[in-house]
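Below is one structure, written out as C-alpha cells; the observations come after it.
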Amino acid sequence: MHTILVTGAAGFIGYHMARRCLEVGHRVIGIDNVNTYYDPRIKEDRLRLLHAWDRFEFHRMSLEDRDAISQLFRSHSFDRVVHLAAQAGVRYSLSNPFAYTQSNIEGTLTILEGCRHHQVPHLMYASSSSVYGLNTQQPFCTSDPVDHPVSLYAATKKANELMAHCYSHLYQLPTTGLRFFTVYGPWGRPDMALFKFTQGIFSGEPIEVYNGGRMKRDFTYVDDIVSAMMLLLDRIPTPDTNWDAGNPDPATSSAPYRVYNIGNHQPTELSTFIQVLERTIGKPAIWKSMPMQPGDVLETFADVSALHREIGYSPTTSIEEGIAHFVAWYRDYFQVA
C-alpha cells in the first residue's frame, strides 16, 4: 500500500485517479482549492464520494500557497505524487492568462520543490496534447519537437515538462509526464464539449459547433486514462543509457525522466462524435456554427506506441460505449428523464 498525494483531487481526472487508488487499497491525500472556474458543486459532490473511504484525507488549499504545501509534505511521507491540479481550458487562457502562470507554473514549482526536499520516489504529472501546437505530422509522437504552442495553456504545460526535466537532472527526482488527449467520461468537466453538447440536446438549446464539426480529436475515455496511470505508478523512470545528447529524444533523457502520450490512438471527427451522442440520447442536436477559435488545432492523434512498449497499454473503450456511460451518469446526476 502506498501513500499517494493527488493534487486536483476534486477535479475530473483527479477524482477518478484518487478513487481508483482507494479501490486497490492505497491511502490517498487529496488537495484542491475547489475554485469557481466551473460550478464547484460538482467538485464538492466528487469529494463526498471520496470521503466514503477512511483512507482518504482532504486538504483545501491552493498550489501557490508555499507554506501550506511545504507543511503538507513535512507532515506526510509520500510514496508517490500524482500532480493533476491545473488551470484548465484553452479558450479561458485567452482572457485570464495570469490564472495559468499562477496555477500551472508557480503551483507546479511548489510541488517539484516538495518532492525534491522530501525525496519522493516518483512524481507523475499531467501534461497535454495541446503542447503539439502547430505540429501537423500525424500521429503526434513524443519524439517530435513541441516548440510552437498556440495557446498560453499549452505553453504552461510545455513549461511543466521542462521544469520537471530540470529537477530530474539536477536532483535525480524521477518524473513522468502524461500528455492527455481529450479525456471524457462520467463526472466530466461542464466546460468540455461532451458535457455542453449533452446539456444542450436535453434542454433543446443550440450547441456551439466550431469549424463545421470538421475538427478531429483523439477522444479518450477516463477509465482508460486512469488504467494507464495506475500501471505507470510503479514504473519509476531511470536514466536512459542510450540517450544521445547529439540527437536528443525529447521524451527521455540521461536523467530519470519520461514523457508519454495517453490517448485512444483513434481520432474522431467532431460531427461523428455529435451523431453518436444524438443516437445515444435519442434526440437531435440544434447546431450553432462557430468559426475556428484562436488556440484551437484541427486534429489531435496520439501515437501511444511508447506507452504500449512500456506497460502494454491499449485503450479498450469505444466512443459509443464511453458516450453511453457519460449520458447514463448525466441522466442520473441531473435527474433527467
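FYI, nothing fancy with the C-alpha cells labels: chains A, B, ... in order, residues from 1 per chain, ligands from 1 as they appear.
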
Could you list, as a ChimeraX atom specification, every residue within 9 Å of Pro139 (chain A), counting only C-alpha atoms and ignoring same-chain residues fewer than 3 positions away? /A:136,265,300-303

Restricting the calculation to only C-alpha atoms: of A:Ile4, A:Gly188, A:Ile13, A:Leu109, which residue gets closest to Val28 (chain A)? A:Ile4

CA of Pro149 (chain A) sits from CA of Gly133 (chain A) at a separation of 4.1 Å

Quick one: pull the distance between CA of Glu269 (chain A) and CA of Glu321 (chain A), Å, one decimal. 16.6 Å
